[in-house]
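> coords37.txt is the file, holding compact mmCIF, C-alpha atoms:
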```txt
# COMPACT_ATOMS: atom_id res chain seq x y z
CA MET A 1 14.89 -52.31 -13.60
CA HIS A 2 11.98 -54.52 -14.52
CA SER A 3 12.26 -58.29 -14.69
CA THR A 4 11.98 -59.76 -18.17
CA ASP A 5 11.33 -63.33 -16.99
CA THR A 6 7.62 -63.04 -17.76
CA ALA A 7 7.96 -60.81 -20.82
CA THR A 8 6.44 -62.09 -24.05
CA LEU A 9 9.09 -62.88 -26.63
CA PRO A 10 8.89 -61.10 -29.98
CA SER A 11 8.11 -63.18 -33.04
CA ALA A 12 10.94 -65.04 -34.76
CA GLY A 13 13.25 -62.71 -36.65
CA HIS A 14 12.32 -59.69 -34.55
CA ALA A 15 13.90 -58.02 -31.53
CA GLU A 16 12.58 -55.65 -28.90
CA ILE A 17 14.97 -52.84 -28.01
CA ARG A 18 14.55 -50.52 -25.04
CA ILE A 19 16.44 -47.25 -24.86
CA VAL A 20 16.49 -45.21 -21.66
CA ALA A 21 17.87 -41.68 -21.93
CA ALA A 22 17.82 -38.42 -20.02
CA THR A 23 16.09 -36.62 -22.91
CA PRO A 24 13.74 -37.62 -25.73
CA GLU A 25 16.27 -36.22 -28.23
CA ALA A 26 19.01 -38.57 -26.99
CA ALA A 27 16.67 -41.57 -27.20
CA ARG A 28 15.61 -40.61 -30.73
CA ALA A 29 19.23 -40.21 -31.85
CA VAL A 30 20.07 -43.75 -30.73
CA ALA A 31 16.88 -45.11 -32.31
CA GLN A 32 17.77 -43.43 -35.60
CA VAL A 33 21.13 -45.23 -35.69
CA ILE A 34 19.45 -48.57 -34.99
CA ARG A 35 16.88 -47.94 -37.74
CA ARG A 36 19.72 -47.50 -40.25
CA SER A 37 20.79 -51.08 -39.58
CA PHE A 38 17.49 -52.88 -39.15
CA ALA A 39 14.11 -52.51 -40.76
CA GLY A 40 11.95 -51.11 -38.02
CA ALA A 41 8.39 -51.36 -37.11
CA GLU A 42 6.82 -50.03 -33.97
CA GLN A 43 8.19 -47.28 -31.77
CA ARG A 44 6.69 -46.38 -28.43
CA SER A 45 7.83 -43.71 -26.00
CA TYR A 46 7.18 -43.57 -22.25
CA PRO A 47 8.27 -41.16 -19.51
CA VAL A 48 10.62 -42.59 -16.89
CA PRO A 49 9.41 -41.97 -13.30
CA GLU A 50 12.84 -40.64 -12.26
CA GLY A 51 12.89 -38.30 -15.27
CA GLY A 52 13.94 -39.00 -18.82
CA THR A 53 12.47 -41.08 -21.62
CA ARG A 54 12.16 -44.77 -22.34
CA LEU A 55 11.80 -45.68 -26.00
CA HIS A 56 10.74 -49.16 -27.17
CA LEU A 57 11.51 -50.30 -30.71
CA THR A 58 10.62 -53.48 -32.54
CA VAL A 59 13.05 -54.30 -35.34
CA ASP A 60 13.17 -56.98 -38.00
CA THR A 61 16.57 -58.63 -37.62
CA GLY A 62 16.23 -60.46 -40.93
CA SER A 63 15.93 -57.33 -43.05
CA ALA A 64 18.52 -54.62 -43.39
CA ALA A 65 17.14 -51.09 -43.48
CA GLU A 66 19.89 -49.68 -45.68
CA PRO A 67 22.60 -51.43 -47.64
CA ALA A 68 25.79 -51.51 -45.61
CA PRO A 69 28.50 -49.34 -47.12
CA SER A 70 31.44 -51.24 -48.58
CA TRP A 71 34.75 -51.18 -46.73
CA LEU A 72 36.21 -49.18 -49.62
CA ALA A 73 33.63 -46.42 -49.35
CA THR A 74 34.05 -46.17 -45.59
CA SER A 75 37.85 -46.18 -45.75
CA ARG A 76 38.18 -43.27 -48.16
CA PRO A 77 39.57 -40.14 -46.53
CA SER A 78 37.45 -37.03 -46.43
CA SER A 79 38.06 -34.60 -49.28
CA ARG A 80 38.67 -31.90 -46.66
CA SER A 81 41.43 -33.78 -44.85
CA GLY A 82 44.99 -33.21 -45.89
CA THR A 83 47.97 -35.52 -45.68
CA HIS A 84 48.83 -36.61 -42.17
CA VAL A 85 52.37 -36.12 -40.89
CA ASP A 86 53.03 -39.87 -40.79
CA GLU A 87 51.91 -40.42 -44.42
CA VAL A 88 54.47 -40.66 -47.19
```
What do you get writing this file as structure tokens?


Amino acid sequence: MHSTDTATLPSAGHAEIRIVAATPEAARAVAQVIRRSFAGAEQRSYPVPEGGTRLHLTVDTGSAAEPAPSWLATSRPSSRSGTHVDEV
């Protein structure tokens, strides 16, 4: 791993995220989930010497990318699921 002691800090309200994955597809899948939570800016991709991909993202931690779903919407059962055995 690389030392971050001398790394330049991102501007206030922003965060740098580094994703290391075996494949570019895996790195992109994780980045997509992060982008749903935070407004994103830059994305840079680099090969990893040992194989794989390193993806760098800059996100704005003060701005949500999408409105968070309410607890009610996320707690509703799927229309395809039936009653569970332990439900009355």

> Do you know which residues are at most 8 Å from Val59 (chain A) counting only C-alpha atoms, after dropping those on the same chain fewer than 6 positions away, and could you put them as JSON, numbers by chain?

{"A": [14, 15, 16, 17, 35, 38, 39, 40, 41, 42]}

> Quick one: pull the distance between CA of Gly13 (chain A) and CA of Val48 (chain A), Å, one decimal.

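The value is 28.3 Å.
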
> Between A:Gly52, A:Ile19, A:Thr61, A:Tyr46, which is the closest to Gln32 (chain A) once you count all atoms listed in the file?

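Smallest distance to Gln32 (chain A) is found for A:Ile19.
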
> Go ahead and compute the interatomic distance for CA of Pro49 (chain A) and CA of Val30 (chain A), in Å to one decimal.

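Computed distance, CA of Pro49 (chain A) to CA of Val30 (chain A), equals 20.5 Å.
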
> Write out as JSON an axis-aligned box for region 5-15 of chain A: all of its atoms listed in the file, 8 Å added on each side, centre and edge lengths in Å with one decimal.


```
{"center_x": 10.2, "center_y": -61.5, "center_z": -26.8, "size_x": 23.5, "size_y": 23.0, "size_z": 35.7}
```

> Figure out the distance between CA of Glu25 (chain A) and CA of Ala7 (chain A), please, to one decimal in Å.

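Atom-to-atom, CA of Ala7 (chain A) to CA of Glu25 (chain A), that is 27.0 Å.
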
> Select all residues near (8.2, -51.1, -28.1) (cut-off 8 Å, inclusive, file coordinates), counting all atoms listed in the file, and output them as a tab-separated table (two decimals) with C-alpha atoms, in the coordinates of the input.


```
chain	number	residue	atom	x	y	z
A	16	GLU	CA	12.58	-55.65	-28.90
A	17	ILE	CA	14.97	-52.84	-28.01
A	18	ARG	CA	14.55	-50.52	-25.04
A	42	GLU	CA	6.82	-50.03	-33.97
A	43	GLN	CA	8.19	-47.28	-31.77
A	44	ARG	CA	6.69	-46.38	-28.43
A	45	SER	CA	7.83	-43.71	-26.00
A	55	LEU	CA	11.80	-45.68	-26.00
A	56	HIS	CA	10.74	-49.16	-27.17
A	57	LEU	CA	11.51	-50.30	-30.71
A	58	THR	CA	10.62	-53.48	-32.54
```

> Please determine, counting only C-alpha atoms, which residue among A:Asp60, A:Arg28, A:Ser37, A:Ala22 has the shortest atom-to-atom distance to Pro10 (chain A).

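The answer is A:Asp60, which sits nearest to Pro10 (chain A).
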